[in-house]
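Peer 1: Below is the file start.pdb, which contains PDB, C-alpha atoms.
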```
ATOM      1  CA  MET M   1      10.951  12.730 -13.978
ATOM      2  CA  LYS M   2       7.352  11.926 -13.084
ATOM      3  CA  PHE M   3       6.876  10.549  -9.581
ATOM      4  CA  VAL M   4       4.154   8.808  -7.636
ATOM      5  CA  ILE M   5       4.829   9.045  -3.911
ATOM      6  CA  SER M   6       3.018   6.853  -1.435
ATOM      7  CA  VAL M   7       2.841   7.456   2.298
ATOM      8  CA  LEU M   8       2.098   4.344   4.370
ATOM      9  CA  SER M   9       3.146   5.405   7.866
ATOM     10  CA  PRO M  10       1.166   7.431  10.436
ATOM     11  CA  SER M  11       1.818  11.124  10.915
ATOM     12  CA  THR M  12       3.919  10.416  14.012
ATOM     13  CA  ALA M  13       6.452   8.267  12.108
ATOM     14  CA  PRO M  14       9.768   9.681  10.880
ATOM     15  CA  SER M  15       9.121   8.242   7.418
ATOM     16  CA  THR M  16       6.142  10.586   7.023
ATOM     17  CA  ARG M  17       8.462  13.544   7.554
ATOM     18  CA  ARG M  18      11.014  12.064   5.147
ATOM     19  CA  ALA M  19       8.292  11.597   2.531
ATOM     20  CA  LEU M  20       7.440  15.288   2.733
ATOM     21  CA  ARG M  21      11.084  16.333   2.477
ATOM     22  CA  PHE M  22      11.514  14.063  -0.542
ATOM     23  CA  ALA M  23       8.427  15.511  -2.214
ATOM     24  CA  GLN M  24       9.626  19.068  -1.581
ATOM     25  CA  ALA M  25      13.070  18.254  -2.960
ATOM     26  CA  ALA M  26      11.556  16.590  -6.032
ATOM     27  CA  LEU M  27       9.541  19.695  -6.919
ATOM     28  CA  ALA M  28      12.495  21.972  -6.152
ATOM     29  CA  ALA M  29      14.629  19.966  -8.576
ATOM     30  CA  GLY M  30      12.051  20.411 -11.324
ATOM     31  CA  HIS M  31      10.451  16.973 -11.183
ATOM     32  CA  GLU M  32       6.739  16.381 -11.421
ATOM     33  CA  ILE M  33       4.617  14.668  -8.773
ATOM     34  CA  VAL M  34       1.814  12.904 -10.606
ATOM     35  CA  ARG M  35       0.078  11.877  -7.412
ATOM     36  CA  VAL M  36       0.626  11.445  -3.702
ATOM     37  CA  PHE M  37      -1.187   8.346  -2.534
ATOM     38  CA  PHE M  38      -1.961   7.840   1.146
ATOM     39  CA  TYR M  39      -2.523   4.241   2.163
ATOM     40  CA  GLN M  40      -2.452   2.082   5.295
ATOM     41  CA  ASP M  41      -1.695   4.270   8.350
ATOM     42  CA  GLY M  42      -0.616   7.033   5.956
ATOM     43  CA  VAL M  43      -4.277   8.047   5.636
ATOM     44  CA  LEU M  44      -4.002   9.605   9.095
ATOM     45  CA  SER M  45      -1.990  12.466   7.605
ATOM     46  CA  ALA M  46      -5.164  13.542   5.805
ATOM     47  CA  SER M  47      -7.055  14.110   9.049
ATOM     48  CA  ASN M  48      -7.605  17.705  10.103
ATOM     49  CA  ASN M  49      -8.318  16.522  13.647
ATOM     50  CA  ILE M  50      -4.688  15.967  14.577
ATOM     51  CA  VAL M  51      -3.553  18.370  17.279
ATOM     52  CA  VAL M  52       0.124  18.744  18.080
ATOM     53  CA  ALA M  53       1.708  20.550  21.019
ATOM     54  CA  GLN M  54       3.080  23.964  20.083
ATOM     55  CA  ASP M  55       6.718  23.013  20.598
ATOM     56  CA  GLN M  56       6.466  19.915  18.396
ATOM     57  CA  GLN M  57       6.724  19.617  14.661
ATOM     58  CA  ASN M  58       3.310  19.530  13.011
ATOM     59  CA  ILE M  59       4.056  17.290  10.051
ATOM     60  CA  THR M  60       0.384  16.798   9.229
ATOM     61  CA  GLN M  61      -0.097  20.535   8.853
ATOM     62  CA  GLN M  62       3.084  20.761   6.757
ATOM     63  CA  TRP M  63       1.861  18.018   4.426
ATOM     64  CA  GLN M  64      -1.497  19.713   4.085
ATOM     65  CA  THR M  65       0.077  23.097   3.335
ATOM     66  CA  PHE M  66       2.473  21.549   0.823
ATOM     67  CA  ILE M  67      -0.369  19.817  -1.017
ATOM     68  CA  THR M  68      -2.576  22.896  -1.114
ATOM     69  CA  GLU M  69       0.170  25.321  -2.134
ATOM     70  CA  ASN M  70       1.395  23.100  -4.948
ATOM     71  CA  GLN M  71      -2.101  21.963  -5.939
ATOM     72  CA  LEU M  72      -0.962  18.353  -5.847
ATOM     73  CA  ASP M  73      -3.215  15.446  -6.637
ATOM     74  CA  ALA M  74      -3.454  13.920  -3.139
ATOM     75  CA  VAL M  75      -5.514  10.761  -3.027
ATOM     76  CA  VAL M  76      -6.426   8.933   0.160
ATOM     77  CA  CYS M  77      -7.518   5.298  -0.135
ATOM     78  CA  ILE M  78     -11.161   5.332   0.872
ATOM     79  CA  ALA M  79     -11.275   1.852   2.433
ATOM     80  CA  ALA M  80      -8.094   2.436   4.451
ATOM     81  CA  ALA M  81      -9.375   5.863   5.513
ATOM     82  CA  LEU M  82     -12.821   4.698   6.631
ATOM     83  CA  ARG M  83     -11.412   1.973   8.847
ATOM     84  CA  ARG M  84      -9.116   4.542  10.484
ATOM     85  CA  GLY M  85     -11.754   7.210  10.996
ATOM     86  CA  VAL M  86     -10.879   9.651   8.205
ATOM     87  CA  LEU M  87     -14.138  10.651   6.498
ATOM     88  CA  ASP M  88     -15.212  13.324   4.070
ATOM     89  CA  GLN M  89     -18.666  14.922   4.168
ATOM     90  CA  THR M  90     -20.218  12.317   1.882
ATOM     91  CA  GLU M  91     -18.927   9.356   3.884
ATOM     92  CA  ALA M  92     -19.820  10.963   7.221
ATOM     93  CA  GLN M  93     -23.411  11.304   6.010
ATOM     94  CA  ARG M  94     -23.454   7.825   4.497
ATOM     95  CA  TYR M  95     -22.398   6.189   7.764
ATOM     96  CA  GLY M  96     -24.205   8.563  10.090
ATOM     97  CA  ARG M  97     -21.088  10.018  11.704
ATOM     98  CA  GLU M  98     -21.122  13.423  13.347
ATOM     99  CA  ALA M  99     -18.075  14.946  11.730
ATOM    100  CA  ALA M 100     -16.096  14.900   8.532
ATOM    101  CA  ASN M 101     -12.372  15.326   9.097
ATOM    102  CA  LEU M 102     -10.716  14.948   5.694
ATOM    103  CA  ALA M 103      -8.410  17.933   5.304
ATOM    104  CA  GLU M 104      -8.722  20.374   2.425
ATOM    105  CA  GLY M 105      -6.789  19.414  -0.680
ATOM    106  CA  TYR M 106      -7.219  15.640  -0.252
ATOM    107  CA  GLN M 107      -9.739  13.388  -1.908
ATOM    108  CA  LEU M 108     -10.968   9.948  -0.965
ATOM    109  CA  SER M 109     -10.804   7.446  -3.790
ATOM    110  CA  GLY M 110      -9.977   3.840  -4.544
ATOM    111  CA  LEU M 111      -6.782   1.882  -5.013
ATOM    112  CA  GLY M 112      -7.331   2.165  -8.748
ATOM    113  CA  GLN M 113      -5.948   5.700  -8.382
ATOM    114  CA  LEU M 114      -2.622   4.249  -7.224
ATOM    115  CA  HIS M 115      -2.430   2.079 -10.321
ATOM    116  CA  ASP M 116      -3.590   4.916 -12.552
ATOM    117  CA  GLY M 117      -0.796   7.090 -11.124
ATOM    118  CA  LEU M 118       1.799   4.380 -11.704
ATOM    119  CA  GLN M 119       0.761   4.081 -15.327
ATOM    120  CA  GLN M 120       1.319   7.824 -15.803
ATOM    121  CA  ALA M 121       4.556   8.012 -13.829
ATOM    122  CA  GLU M 122       8.151   6.963 -14.371
ATOM    123  CA  ARG M 123       9.185   6.457 -10.760
ATOM    124  CA  PHE M 124       7.415   5.213  -7.653
ATOM    125  CA  ILE M 125       8.703   5.796  -4.154
ATOM    126  CA  SER M 126       7.039   4.633  -1.013
ATOM    127  CA  PHE M 127       7.584   5.742   2.577
ATOM    128  CA  GLY M 128       6.787   3.726   5.679
ATOM    129  CA  GLY M 129       6.306   0.301   4.124
ATOM    130  CA  GLU M 130       7.301  -2.522   6.411
TER
ATOM    131  CA  MET D   1       1.985  -1.282 -23.053
ATOM    132  CA  ALA D   2       0.902  -1.136 -19.419
ATOM    133  CA  LYS D   3       3.664  -0.821 -16.849
ATOM    134  CA  SER D   4       4.072  -3.852 -14.605
ATOM    135  CA  VAL D   5       4.100  -3.971 -10.822
ATOM    136  CA  LEU D   6       5.804  -6.452  -8.543
ATOM    137  CA  LEU D   7       4.019  -6.436  -5.202
ATOM    138  CA  ILE D   8       6.206  -7.751  -2.378
ATOM    139  CA  SER D   9       4.008  -8.850   0.503
ATOM    140  CA  ARG D  10       6.036  -9.178   3.705
ATOM    141  CA  GLN D  11       3.547  -9.243   6.562
ATOM    142  CA  ALA D  12       2.125 -12.245   8.389
ATOM    143  CA  PRO D  13      -1.556 -12.895   7.638
ATOM    144  CA  TRP D  14      -2.816 -12.172  11.136
ATOM    145  CA  ALA D  15      -0.444  -9.386  12.191
ATOM    146  CA  GLY D  16      -3.014  -6.659  11.756
ATOM    147  CA  ILE D  17      -4.525  -5.484   8.494
ATOM    148  CA  ALA D  18      -1.250  -5.074   6.523
ATOM    149  CA  ALA D  19      -1.382  -8.348   4.593
ATOM    150  CA  ALA D  20      -5.007  -7.792   3.606
ATOM    151  CA  GLU D  21      -4.233  -4.239   2.490
ATOM    152  CA  ALA D  22      -1.336  -5.495   0.381
ATOM    153  CA  LEU D  23      -3.627  -8.022  -1.236
ATOM    154  CA  ASP D  24      -6.160  -5.284  -2.028
ATOM    155  CA  ILE D  25      -3.511  -3.573  -4.178
ATOM    156  CA  ALA D  26      -3.258  -6.764  -6.221
ATOM    157  CA  LEU D  27      -7.014  -7.173  -6.565
ATOM    158  CA  ALA D  28      -7.321  -3.549  -7.708
ATOM    159  CA  ALA D  29      -4.691  -4.118 -10.407
ATOM    160  CA  GLY D  30      -6.595  -7.183 -11.541
ATOM    161  CA  ALA D  31      -9.854  -5.235 -11.680
ATOM    162  CA  PHE D  32      -8.205  -2.754 -14.049
ATOM    163  CA  ASP D  33      -6.553  -5.508 -16.038
ATOM    164  CA  LEU D  34      -3.034  -4.292 -15.207
ATOM    165  CA  PRO D  35      -0.038  -6.629 -15.046
ATOM    166  CA  LEU D  36       0.905  -7.407 -11.450
ATOM    167  CA  SER D  37       2.920 -10.202  -9.858
ATOM    168  CA  ILE D  38       3.144 -10.995  -6.167
ATOM    169  CA  LEU D  39       6.248 -12.129  -4.311
ATOM    170  CA  PHE D  40       5.678 -13.413  -0.777
ATOM    171  CA  MET D  41       8.712 -12.700   1.389
ATOM    172  CA  ASP D  42       9.709 -12.656   5.047
ATOM    173  CA  ASP D  43       6.658 -13.277   7.277
ATOM    174  CA  GLY D  44       4.509 -12.816   4.173
ATOM    175  CA  VAL D  45       5.213 -16.445   3.263
ATOM    176  CA  LEU D  46       2.978 -17.439   6.189
ATOM    177  CA  GLN D  47      -0.009 -16.224   4.173
ATOM    178  CA  LEU D  48       0.439 -19.238   1.916
ATOM    179  CA  LEU D  49       0.214 -21.915   4.586
ATOM    180  CA  ASP D  50      -2.550 -24.450   4.421
ATOM    181  CA  GLN D  51      -5.085 -25.184   7.171
ATOM    182  CA  GLN D  52      -5.259 -21.745   8.748
ATOM    183  CA  GLN D  53      -7.930 -21.054  11.337
ATOM    184  CA  PRO D  54      -8.490 -17.292  11.369
ATOM    185  CA  LEU D  55     -11.808 -17.675  13.183
ATOM    186  CA  ALA D  56      -9.875 -18.481  16.366
ATOM    187  CA  LEU D  57      -8.581 -14.902  16.163
ATOM    188  CA  GLU D  58     -11.996 -13.580  15.121
ATOM    189  CA  GLN D  59     -10.509 -12.677  11.752
ATOM    190  CA  LYS D  60     -11.818 -12.964   8.230
ATOM    191  CA  ASP D  61     -10.255 -15.695   6.121
ATOM    192  CA  LEU D  62      -7.557 -14.056   4.032
ATOM    193  CA  SER D  63      -6.890 -17.206   2.043
ATOM    194  CA  ALA D  64     -10.290 -16.807   0.365
ATOM    195  CA  ASN D  65      -8.990 -13.539  -1.123
ATOM    196  CA  LEU D  66      -5.772 -15.272  -2.169
ATOM    197  CA  GLN D  67      -7.761 -18.012  -3.880
ATOM    198  CA  ALA D  68      -9.644 -15.297  -5.773
ATOM    199  CA  LEU D  69      -6.490 -13.846  -7.356
ATOM    200  CA  PRO D  70      -6.594 -15.958 -10.550
ATOM    201  CA  MET D  71     -10.201 -14.856 -11.093
ATOM    202  CA  PHE D  72      -8.887 -11.289 -11.094
ATOM    203  CA  GLY D  73      -6.230 -12.221 -13.617
ATOM    204  CA  ILE D  74      -3.410 -12.223 -11.037
ATOM    205  CA  GLU D  75      -1.670 -15.491 -11.799
ATOM    206  CA  GLN D  76       2.025 -14.691 -11.328
ATOM    207  CA  LEU D  77       2.552 -15.718  -7.703
ATOM    208  CA  TYR D  78       6.014 -16.299  -6.251
ATOM    209  CA  VAL D  79       7.460 -17.159  -2.871
ATOM    210  CA  ALA D  80      10.998 -16.674  -1.575
ATOM    211  CA  GLN D  81      12.355 -20.137  -0.829
ATOM    212  CA  HIS D  82      14.897 -18.883   1.711
ATOM    213  CA  CYS D  83      12.090 -17.273   3.741
ATOM    214  CA  LEU D  84      10.244 -20.602   3.868
ATOM    215  CA  THR D  85      13.455 -22.380   4.874
ATOM    216  CA  GLU D  86      14.230 -19.839   7.626
ATOM    217  CA  ARG D  87      10.822 -20.595   9.125
ATOM    218  CA  GLY D  88      11.149 -24.360   8.933
ATOM    219  CA  LEU D  89       8.644 -24.548   6.087
ATOM    220  CA  ALA D  90      10.917 -25.640   3.238
ATOM    221  CA  GLU D  91       8.878 -28.747   2.558
ATOM    222  CA  SER D  92       5.478 -27.526   3.718
ATOM    223  CA  PRO D  93       2.608 -27.740   1.277
ATOM    224  CA  LEU D  94       1.268 -24.355   0.236
ATOM    225  CA  ALA D  95      -2.430 -23.584   0.008
ATOM    226  CA  ILE D  96      -1.796 -21.404  -3.042
ATOM    227  CA  ALA D  97       0.211 -22.449  -6.074
ATOM    228  CA  ALA D  98       3.169 -20.059  -5.814
ATOM    229  CA  GLU D  99       6.435 -20.662  -7.622
ATOM    230  CA  ARG D 100       9.404 -21.036  -5.265
ATOM    231  CA  LEU D 101      12.323 -18.752  -6.179
ATOM    232  CA  ASP D 102      15.930 -18.675  -5.019
ATOM    233  CA  ASP D 103      17.697 -15.351  -4.420
ATOM    234  CA  GLN D 104      19.046 -15.068  -7.950
ATOM    235  CA  GLN D 105      15.609 -15.668  -9.425
ATOM    236  CA  ILE D 106      14.203 -12.996  -7.088
ATOM    237  CA  GLN D 107      16.720 -10.508  -8.465
ATOM    238  CA  GLN D 108      15.618 -11.363 -11.983
ATOM    239  CA  LEU D 109      11.964 -11.027 -11.001
ATOM    240  CA  ILE D 110      12.545  -7.541  -9.572
ATOM    241  CA  ARG D 111      14.433  -6.462 -12.692
ATOM    242  CA  ALA D 112      11.663  -7.765 -14.941
ATOM    243  CA  HIS D 113       9.063  -5.350 -13.505
ATOM    244  CA  ASP D 114       8.676  -1.592 -13.955
ATOM    245  CA  TYR D 115       7.711  -0.951 -10.323
ATOM    246  CA  VAL D 116       8.194  -2.643  -6.991
ATOM    247  CA  VAL D 117       5.599  -1.992  -4.293
ATOM    248  CA  THR D 118       6.564  -3.366  -0.883
ATOM    249  CA  LEU D 119       4.139  -3.635   2.008
TER
END
```
For the file at hand, write its structure as structure tokens.
Peer 2:
Amino acid sequence: MKFVISVLSPSTAPSTRRALRFAQAALAAGHEIVRVFFYQDGVLSASNNIVVAQDQQNITQQWQTFITENQLDAVVCIAAALRRGVLDQTEAQRYGREAANLAEGYQLSGLGQLHDGLQQAERFISFGGE
Amino acid sequence: MAKSVLLISRQAPWAGIAAAEALDIALAAGAFDLPLSILFMDDGVLQLLDQQQPLALEQKDLSANLQALPMFGIEQLYVAQHCLTERGLAESPLAIAAERLDDQQIQQLIRAHDYVVTL
């Protein structure tokens, strides 16, 4: 089965952890993940500026490792990301900000990428919607 | 044939950015000429009310974006009647022409689409 997975909750929410566990289980069961789409507060998981105490679970790091290791197509909505302070090098320069903080393996793009993913997929599952 | 999306918008218009971000999903579908319907449910029905004054909250007028939906080819707009009734709005005029659906019709609407996206 071909899945699009969307993450809508911030990295501190339990649904962000559940989304990762679902994605891992999907790949382990032989399914394909067409795209992971980060939207709303979910864009915060694509920040490499999140620092977690050593005795706490670092779900952001786990998401980033999972995406890199499996070479997943991880798209972060650019408008949602900009308004929450997640910028890549191009956007940091465009808006005169000092630092880019988009983690490796993610790309900023538009909502069209969500729709494009849905057209390719067979199943859509979303985590953290209210 | 393109796969269809039912967007269920459940957030009040001025409870943060959620309602506007849900609407952006619809506008993006329209820009790519993809079939998308919107169902307003729960506090999302409040987006449809007439005579809103977002400037009092220093907010941008969301209803302007709603009015733009038909121009983007998004013309299938629905509202859950029971959610209007629960909020004392059963007879209130709506600023946007959305078809009022009972629970059975909502079930049919969900079944008629390939995907459901809830925000």
Peer 1: Kindly determine which residues of chain M lie within 12 Å of chain D, considering only C-alpha atoms, and give the answer as number ranges by chain.
Peer 2: M: 3-9, 39-41, 77-81, 83-84, 110-130
Peer 1: Any chance you could work out the residue set of the PyMOL selection byres ((chain D and resi 47-57) around 9) here, as a list in words?
Peer 2: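 Selected by the PyMOL selection byres ((chain D and resi 47-57) around 9) in this file: Gln11, Ala12, Pro13, Trp14, Ala19, Phe40, Asp43, Gly44, Val45, Leu46, Glu58, Gln59, Lys60, Asp61, Leu62, Ser63, Leu66, Val79, Leu89, Ser92, Pro93, Leu94, Ala95, Ile96, Ala97 and Ala98 of chain D.
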Peer 1: Skipping near chain neighbours, those fewer than 4 positions away, what residues fall within 12 Å of Arg97 of chain M using only C-alpha atoms, listed as a ChimeraX atom specification?
Peer 2: /M:82,85-93,101
Peer 1: Please produce a file of the residues just selected, as an mmCIF file, keeping the file's coordinate frame, where the atoms kept are C-alpha atoms.
Peer 2:
```cif
data_model
loop_
_atom_site.group_PDB
_atom_site.id
_atom_site.type_symbol
_atom_site.label_atom_id
_atom_site.label_comp_id
_atom_site.auth_asym_id
_atom_site.auth_seq_id
_atom_site.Cartn_x
_atom_site.Cartn_y
_atom_site.Cartn_z
ATOM 1 C CA LEU M 82 -12.821 4.698 6.631
ATOM 2 C CA GLY M 85 -11.754 7.210 10.996
ATOM 3 C CA VAL M 86 -10.879 9.651 8.205
ATOM 4 C CA LEU M 87 -14.138 10.651 6.498
ATOM 5 C CA ASP M 88 -15.212 13.324 4.070
ATOM 6 C CA GLN M 89 -18.666 14.922 4.168
ATOM 7 C CA THR M 90 -20.218 12.317 1.882
ATOM 8 C CA GLU M 91 -18.927 9.356 3.884
ATOM 9 C CA ALA M 92 -19.820 10.963 7.221
ATOM 10 C CA GLN M 93 -23.411 11.304 6.010
ATOM 11 C CA ASN M 101 -12.372 15.326 9.097
#
```
Peer 1: How many Å separate atom CA of Tyr78 of chain D from atom CA of Gln107 of chain D?
Peer 2: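 Here the two named atoms are 12.4 Å from each other.
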Peer 1: Just the number, please: distance in Å from atom CA of Leu36 of chain D to atom CA of Val76 of chain M, one decimal.
Peer 2: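 Distance between the two atoms: 21.3 Å.
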Peer 1: Pick from D:Leu101, D:Ile110, D:Leu7, D:Leu84: nearest to Asp42 of chain D, with only C-alpha atoms counted?
Peer 2: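 Closest residue, counting only C-alpha atoms: D:Leu84.
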Peer 1: Give the answer as one residue: which of M:Tyr95, M:Phe38, M:Asn58, M:Gly30 has the shortest atom-to-atom distance to Gln107 of chain M, using only C-alpha atoms?
Peer 2: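 Checking each candidate against Gln107 of chain M, we get M:Phe38 as the closest.
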Peer 1: Could you please determine the separation between atom CA of Phe72 of chain D and atom CA of Ser37 of chain D in Å, to one decimal place?
Peer 2: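 Atom CA of Phe72 of chain D sits 11.9 Å away from atom CA of Ser37 of chain D.
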Peer 1: Taking the file as shown, find all residues satisfying the PyMOL selection byres ((chain M and resi 44) around 7) and write them as an MDAnalysis selection string.
Peer 2: chainID M and resid 10:11 41:43 45:47 86
Peer 1: For Ala100 of chain M, which residue out of M:Asn48, M:His31, M:Lys2, M:Thr65 is the nearest one, using all atoms listed in the file?
Peer 2: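 With all atoms listed in the file as the atom set, the closest residue is M:Asn48.
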Peer 1: Determine the nearest neighbour of Ala80 of chain D from the options D:Leu39, D:Leu6, D:Leu109, D:Ala68, counting all atoms listed in the file.
Peer 2: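 Nearest to Ala80 of chain D: D:Leu39.
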